[in-house]
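Below is one structure; the comments refer to it alone.
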Amino acid sequence: ILKDNKFSIKLHDYFKFKEIKKSNNLYNLILKMYYKEKKMPLNHLIMIRENKWKKKILILGSFGHIGYSLSKHFSSKNYEVITTYNKSNNKKIFSLLKKVKVKFIKCNLKDKVKLKKIFQKFNIHTCVCAAAVSHDSIAKIFPEKTIDVNCYGIQNLIDLQNKFKFKLINISTGSVFQDIKNSKFKITEEVIPTPKSVYSSTKRLGEILIANSHE
């Protein structure tokens with residue numbers, strides 16, 4: 001089991017066996033070593049073994065259509081859902097999500113310090129970014145704000161992902177394919193994006209930033 005005081009097995013293989021109990025010295029030793037290596041609280045490991053653990057998903061932009069739908073969906077699954085919003089003017093969505101026990105935090109993508117605190121506090125497993133300046137008409141009026149949120153905001157998440165090792169899913173837009181006029185045209189990975197507006201260009205840059213971070 002142990003080699004030079006390090007693991008030579010997968011921890012979850014031992015959790016399968018009922019004879020390994022919390023009071024067992026071997027079990028406690030494995031827990032302590034795993035805690036030391038992975039920096040995870042011991043009570044979290046016990047919850048995993050007893051199947052009481054819920055993965056924590058952070059959904060950024062829960063008051064938008066996609067963010068709201070995802071928050072509602074994952075709250076019905078085995079997830080603890082934490083969401084962020086920037087503007088609190090949609091009382092209907094706030095009320096609906098509150099009924100399904102979703103946690104709300106007011107936070108802007110540009111606020112890296114507050115985002116970091118969220119990841120530190122909740123031990124996020126997956127982050128879905130549905131937050132953005134998402135309308136071309138707004139982007140034209142506020143180009144600097146659009147760049148800040150859609151580009152620098154994404155870079156903030158990439159930096160935090162490198163530190164906290166969560167899964168990052170970014171919601172982009174079909175607007176990056178502005179040369180495609182036929183709505184029935186099938187878009188694949190081979191189709192070259194052709195963003196032409198401020199909005200679509202910033203969303204495309206967000207895609208490139210994420211792609212480059214994994215090279």
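Chain identifiers are assigned as A, B, and so on, following the order in which chains appear in the structure tokens; residues are numbered from 1 within each chain, and ligands are numbered from 1 in order of appearance.
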Fewer than 5 positions away in the same chain doesn't count, so skip those; otherwise give me all residues within 7 Å of range 172-187 of chain A, counting only C-alpha atoms, as a compact mmCIF listing (two decimals) with all heavy atoms, in the first residue's frame.
```txt
# COMPACT_ATOMS: atom_id res chain seq x y z
N PRO A 193 -14.23 30.83 -37.78
CA PRO A 193 -15.02 31.95 -37.25
C PRO A 193 -14.75 33.24 -38.02
O PRO A 193 -13.63 33.48 -38.48
CB PRO A 193 -14.54 32.07 -35.80
CG PRO A 193 -13.96 30.74 -35.49
CD PRO A 193 -13.35 30.25 -36.76
N THR A 194 -15.78 34.06 -38.15
CA THR A 194 -15.65 35.34 -38.86
C THR A 194 -16.33 36.46 -38.06
O THR A 194 -17.30 37.07 -38.52
CB THR A 194 -16.27 35.25 -40.27
OG1 THR A 194 -17.63 34.77 -40.13
CG2 THR A 194 -15.48 34.32 -41.16
N PRO A 195 -15.84 36.75 -36.86
CA PRO A 195 -16.45 37.82 -36.06
C PRO A 195 -16.18 39.18 -36.68
O PRO A 195 -15.07 39.46 -37.13
CB PRO A 195 -15.76 37.67 -34.71
CG PRO A 195 -14.43 37.08 -35.05
CD PRO A 195 -14.67 36.16 -36.20
N LYS A 196 -17.21 40.03 -36.66
CA LYS A 196 -17.06 41.36 -37.27
C LYS A 196 -17.52 42.50 -36.37
O LYS A 196 -17.25 43.67 -36.66
CB LYS A 196 -17.81 41.40 -38.60
CG LYS A 196 -17.23 40.45 -39.65
CD LYS A 196 -17.97 40.55 -40.96
CE LYS A 196 -17.34 39.63 -42.01
NZ LYS A 196 -18.07 39.68 -43.30
N SER A 200 -19.03 40.04 -30.99
CA SER A 200 -18.55 38.74 -31.48
C SER A 200 -17.03 38.63 -31.42
O SER A 200 -16.48 37.55 -31.17
CB SER A 200 -19.05 38.50 -32.91
OG SER A 200 -18.56 39.49 -33.80
N SER A 201 -16.33 39.75 -31.63
CA SER A 201 -14.87 39.73 -31.59
C SER A 201 -14.36 39.46 -30.18
O SER A 201 -13.38 38.71 -29.99
CB SER A 201 -14.31 41.06 -32.09
OG SER A 201 -14.62 41.26 -33.46
N LYS A 203 -16.01 37.85 -27.82
CA LYS A 203 -16.35 36.46 -27.49
C LYS A 203 -15.37 35.49 -28.14
O LYS A 203 -14.97 34.48 -27.57
CB LYS A 203 -17.79 36.14 -27.90
CG LYS A 203 -18.85 36.87 -27.11
CD LYS A 203 -18.83 36.48 -25.63
CE LYS A 203 -19.45 35.12 -25.41
NZ LYS A 203 -19.49 34.79 -23.96
N ARG A 204 -14.98 35.81 -29.37
CA ARG A 204 -14.01 34.98 -30.07
C ARG A 204 -12.65 35.03 -29.37
O ARG A 204 -11.97 34.00 -29.23
CB ARG A 204 -13.88 35.43 -31.53
CG ARG A 204 -12.80 34.71 -32.32
CD ARG A 204 -13.01 33.21 -32.32
NE ARG A 204 -11.92 32.51 -33.02
CZ ARG A 204 -11.60 31.25 -32.82
NH1 ARG A 204 -12.28 30.53 -31.94
NH2 ARG A 204 -10.62 30.68 -33.49
```
Which range 156-210 of chain A residues have any atom within 10 Å of an atom of range 105-122 of chain A, and for each, what is the nearest pair of atoms with distance in Å to one decimal, counting only C-alpha atoms, rows sorted by chain and number, as CSV?
```
residue,atom,partner,partner_atom,distance
A:Asn156,CA,A:Lys112,CA,6.0
A:Leu157,CA,A:Lys112,CA,8.0
A:Asp159,CA,A:Lys112,CA,9.3
A:Leu160,CA,A:Lys116,CA,6.8
A:Gln161,CA,A:Phe119,CA,9.3
A:Lys163,CA,A:Lys116,CA,9.5
A:Phe164,CA,A:Phe119,CA,7.2
A:Lys165,CA,A:Phe119,CA,10.0
A:Phe166,CA,A:Phe119,CA,8.9
```
Quick check for you: according to DSSP on this backbone, which residues of range 92-146 of chain A are classed as alpha helix (DSSP H)? Reply as a PyMOL selection string. chain A and resi 92-99+112-122+136-141+143-146
Surrounding residues of range 77-82 of chain A excluding itself and chain neighbours under 3 positions, 9 Å, only C-alpha atoms, as a PyMOL selection string: chain A and resi 53-60+71-74+101-105+122+124
